[in-house]
file run.cif (mmCIF, C-alpha atoms)
data_query
#
loop_
_atom_site.label_atom_id
_atom_site.label_comp_id
_atom_site.auth_asym_id
_atom_site.auth_seq_id
_atom_site.Cartn_x
_atom_site.Cartn_y
_atom_site.Cartn_z
CA MET I 20 100.55 100.48 102.03
CA ILE I 21 100.10 98.09 99.17
CA LYS I 22 97.53 98.87 96.47
CA PHE I 23 94.85 96.41 95.43
CA GLU I 24 96.42 95.92 92.00
CA GLU I 25 99.78 95.10 93.60
CA PHE I 26 98.03 92.66 95.92
CA LEU I 27 96.43 90.94 92.91
CA GLN I 28 99.76 90.86 91.08
CA ASP I 29 101.29 89.10 94.09
CA ARG I 30 98.45 86.57 94.13
CA HIS I 31 98.84 85.97 90.40
CA GLY I 32 102.62 85.68 90.70
CA ALA I 33 102.30 83.04 93.41
CA GLN I 34 100.55 80.67 91.02
CA TYR I 35 102.16 81.78 87.73
CA ILE I 36 104.32 79.36 85.80
CA GLY I 37 105.94 80.84 82.73
CA THR I 38 108.44 83.37 81.49
CA ASP I 39 108.76 86.90 82.82
CA ASP I 40 107.98 88.47 79.45
CA MET I 41 104.58 86.73 79.30
CA MET I 42 103.60 87.52 82.89
CA PRO I 43 101.83 90.88 82.24
CA ASP I 44 99.63 89.36 79.52
CA ASP I 45 98.90 86.33 81.68
CA PHE I 46 98.01 88.63 84.58
CA ASN I 47 95.45 90.43 82.41
CA ASP I 48 94.00 87.10 81.25
CA TRP I 49 93.91 85.89 84.84
CA LEU I 50 92.01 89.02 85.91
CA GLU I 51 89.47 88.55 83.11
CA ASP I 52 88.90 84.95 84.16
CA LEU I 53 88.24 85.70 87.85
CA SER I 54 84.71 84.90 88.95
CA ILE I 55 82.61 87.30 91.00
CA ASP I 56 83.21 85.14 94.09
CA GLU I 57 86.97 85.23 93.52
CA TRP I 58 86.88 89.04 93.21
CA ILE I 59 84.96 89.23 96.47
CA ASN I 60 87.35 86.82 98.20
CA TYR I 61 90.40 88.77 97.02
CA GLY I 62 88.73 92.02 98.07
CA ASN I 63 88.08 90.62 101.53
CA MET I 64 91.63 89.30 101.81
CA PHE I 65 92.98 92.71 100.79
CA ALA I 66 90.73 94.53 103.27
CA ASN I 67 91.90 92.23 106.07
CA LEU I 68 95.53 92.80 105.09
CA GLN I 69 95.04 96.58 105.06
CA GLU I 70 93.34 96.47 108.46
CA SER I 71 96.14 94.33 109.87
CA GLU I 72 98.81 96.69 108.50
CA GLY I 73 96.91 99.67 109.88
CA LEU I 74 96.73 98.06 113.31
CA LYS I 75 100.44 97.24 113.25
CA LYS I 76 101.21 100.85 112.37
CA ARG I 77 99.00 102.15 115.20
CA ILE I 78 100.58 99.75 117.70
CA ALA I 79 104.05 101.00 116.68
CA GLU I 80 102.88 104.60 117.14
CA LEU I 81 101.49 103.81 120.59
CA GLU I 82 104.72 102.08 121.59
CA GLN I 83 106.71 105.14 120.51
CA GLU I 84 104.41 107.41 122.51
CA GLN I 85 104.83 105.15 125.53
CA GLU I 86 108.62 105.24 125.19
CA ARG I 87 108.57 109.05 125.03
CA GLU I 88 106.44 109.20 128.17
CA ILE I 89 108.82 106.84 129.98
CA ARG I 90 111.79 109.00 128.97
CA LYS I 91 109.97 112.16 130.09
CA GLU I 92 109.19 110.59 133.44
CA ALA I 93 112.78 109.40 133.85
CA LEU I 94 114.13 112.90 133.11
CA LYS I 95 111.59 114.40 135.49
CA ASN I 96 112.69 112.03 138.29
CA GLU I 97 116.37 112.85 137.69
CA SER I 98 115.72 116.56 138.29
#
call {"tool": "encode", "arguments": {"input": "run.cif", "output": "structure tokens"}}
result
Amino acid sequence: MIKFEEFLQDRHGAQYIGTDDMMPDDFNDWLEDLSIDEWINYGNMFANLQESEGLKKRIAELEQEQEREIRKEALKNES
């Protein structure tokens, strides 16, 4: 899963205009300039993203379990 800092770097990169060598310094400046409300909004966005990724992972696990059960049942019926 993505870390909060990586999430913020992605958000910064989406709006950044400049050279690659200046990006880390600009990222730090950008972080320092974020308001409390922006921190909260980014935190909420990150939490929602993490929850969504967690749900997708759980759905994939459930689908795999279901496939295994179907295969077991098919093998059982063949016997």
call {"tool": "resolve_selection", "arguments": {"input": "run.cif", "expression": "the PyMOL selection byres ((chain I and resi 57-71) around 9)", "output": "number ranges by chain"}}
result
I: 20-23, 26-27, 30, 50, 53-56, 72-76
call {"tool": "write_last_selection", "arguments": {"input": "run.cif", "atoms": "C-alpha atoms", "output": "tab-separated table (two decimals), keeping the file's coordinate frame"}}
result
chain	number	residue	atom	x	y	z
I	20	MET	CA	100.55	100.48	102.03
I	21	ILE	CA	100.10	98.09	99.17
I	22	LYS	CA	97.53	98.87	96.47
I	23	PHE	CA	94.85	96.41	95.43
I	26	PHE	CA	98.03	92.66	95.92
I	27	LEU	CA	96.43	90.94	92.91
I	30	ARG	CA	98.45	86.57	94.13
I	50	LEU	CA	92.01	89.02	85.91
I	53	LEU	CA	88.24	85.70	87.85
I	54	SER	CA	84.71	84.90	88.95
I	55	ILE	CA	82.61	87.30	91.00
I	56	ASP	CA	83.21	85.14	94.09
I	72	GLU	CA	98.81	96.69	108.50
I	73	GLY	CA	96.91	99.67	109.88
I	74	LEU	CA	96.73	98.06	113.31
I	75	LYS	CA	100.44	97.24	113.25
I	76	LYS	CA	101.21	100.85	112.37
call {"tool": "atom_distance", "arguments": {"input": "run.cif", "atom1": "atom CA of I:Asp29", "atom2": "atom CA of I:Arg77"}}
result
24.9 Å
call {"tool": "closest_residue", "arguments": {"input": "run.cif", "among": "I:Arg87, I:Glu24, I:Ala33, I:Ile78", "to": "I:Asn47", "atoms": "all atoms listed in the file"}}
result
I:Glu24
call {"tool": "atom_distance", "arguments": {"input": "run.cif", "atom1": "atom CA of I:Glu25", "atom2": "atom CA of I:Glu51"}}
result
16.1 Å
call {"tool": "atom_distance", "arguments": {"input": "run.cif", "atom1": "atom CA of I:Asn96", "atom2": "atom CA of I:Glu82"}}
result
21.0 Å
call {"tool": "closest_residue", "arguments": {"input": "run.cif", "among": "I:Gln28, I:Ser98, I:Glu84, I:Glu92", "to": "I:Asp44", "atoms": "all atoms listed in the file"}}
result
I:Gln28
call {"tool": "closest_residue", "arguments": {"input": "run.cif", "among": "I:Asp52, I:Glu80, I:Glu88, I:Ala93", "to": "I:His31", "atoms": "only C-alpha atoms"}}
result
I:Asp52
